[in-house]
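Novice: Quick one: this structure, given as structure tokens, is what I'll be asking you about.
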Amino acid sequence: MIDRVLAAIDAVSAPTTIHAHCDLPCGVYDPAQARIEAQSVKACQEKYNGSDDHDFQTRALFIKEERADLVKHHLWVLWTDYFKPEHLQAHPQLPDLFWKATKTAGEAKKTNDESVGQRLLDEIDEIAGIFWETKK
């Protein structure tokens, strides 16, 4: 009896090996994810600047920094997973655009200057324009 119980436990706990060419081939990419996070960055900058409440400002800083990291994450997913060599040939400015936008996201983490938040949105919009051209 104990042998059957042990065999059943082994069967349940044994890992199943699966094979795929990537982690999850969903094919769903959209610069809107980065833009939504960038909108949050700018909104947090505005809310920080519009408040005298220290606790509220601290929370706004925390959220802004978190969202700026998410902007970088979403931009890097687009850059590394979506854009292909043929896109770079057609749009040679792409590497510089991504470099600038991720640097601006990092800058936005360190400042509450709303113009930096706006610049981040503008840079993402420029990337989005090229993204949608490649989807035609």
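Residues in the structure tokens are numbered from 1 in each chain, the chains being A, B, ... in the order shown, and ligands are numbered from 1 in the order shown.
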Using only C-alpha atoms, what table do you get, as a Markdown table, when you list each residue of range 34-65 of chain A with an atom no more than 10 Å from range 118-125 of chain A, its nearest pair of atoms, and their distance in Å rounded to one decimal, rows by chain then rising number?
Specialist:
```
| residue | atom | partner | partner_atom | distance |
| --- | --- | --- | --- | --- |
| A:Ala34 | CA | A:Ile124 | CA | 7.3 |
| A:Arg35 | CA | A:Ile124 | CA | 6.3 |
| A:Ile36 | CA | A:Leu121 | CA | 9.1 |
| A:Glu37 | CA | A:Leu121 | CA | 9.5 |
| A:Ala38 | CA | A:Leu121 | CA | 6.1 |
| A:Gln39 | CA | A:Leu121 | CA | 7.0 |
| A:Val41 | CA | A:Leu120 | CA | 9.1 |
| A:Lys42 | CA | A:Gln118 | CA | 6.7 |
| A:Ala43 | CA | A:Gln118 | CA | 9.9 |
```
Novice: Neighbouring residues of Thr58 in chain A were defined as those with any atom within 12 Å, considering only C-alpha atoms; residues of the same chain fewer than 6 positions away were excluded. Please report them as a ChimeraX atom specification.
Specialist: /A:44-45,47-49,51-52,64-65,112
Novice: Hey, can you spit out that residue selection with C-alpha atoms as a PDB file, in the first residue's frame?
Specialist:
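Full text of out.pdb as output:
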```pdb
ATOM      1  CA  CYS A  44       2.522  62.570  -9.847  1.00  0.00           C
ATOM      2  CA  GLN A  45       4.909  65.440 -10.576  1.00  0.00           C
ATOM      3  CA  LYS A  47       0.317  66.473  -7.672  1.00  0.00           C
ATOM      4  CA  TYR A  48       3.617  66.733  -5.771  1.00  0.00           C
ATOM      5  CA  ASN A  49       4.086  70.334  -6.912  1.00  0.00           C
ATOM      6  CA  SER A  51       0.573  69.939  -2.487  1.00  0.00           C
ATOM      7  CA  ASP A  52       2.049  71.163   0.799  1.00  0.00           C
ATOM      8  CA  LYS A  64       6.378  58.443  -9.627  1.00  0.00           C
ATOM      9  CA  GLU A  65       9.614  56.473  -9.236  1.00  0.00           C
ATOM     10  CA  ASN A 112       9.476  66.847 -10.081  1.00  0.00           C
TER      11      ASN A 112
END
```
Novice: Set the distance at 12 Å and use only C-alpha atoms: which residues neighbour Tyr82 in chain A once local chain neighbours fewer than 5 positions away are removed? I'd like the list as a ChimeraX atom specification.
Specialist: /A:25-31,74-77,87-88,130-132,134-135
Novice: Find the residues near range 89-94 of chain A: any atom within 10 Å, counting only C-alpha atoms, skip ones fewer than 4 places away on the same chain, and give them as a ChimeraX atom specification.
Specialist: /A:79,83-85,98-100,126-127,130-131,133-134
Novice: Apply DSSP to the backbone of this structure and, from chain A, keep only the residues in helix (DSSP H, G or I); write these as number ranges by chain.
Specialist: A: 2-13, 32-49, 54-82, 85-90, 94-110, 114-134
Novice: Expressed in Å to a single decimal, how great is the separation between CA of Glu107 in chain A and CA of Val71 in chain A?
Specialist: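 Separating CA of Glu107 in chain A from CA of Val71 in chain A is a distance of 11.9 Å.
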Novice: Which of these residues is nearest to Leu61 in chain A, using only C-alpha atoms: A:Asp96, A:Thr80, A:His73, A:Ala108?
Specialist: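 Looking at the shortest contact to Leu61 in chain A, the residue is A:Ala108.
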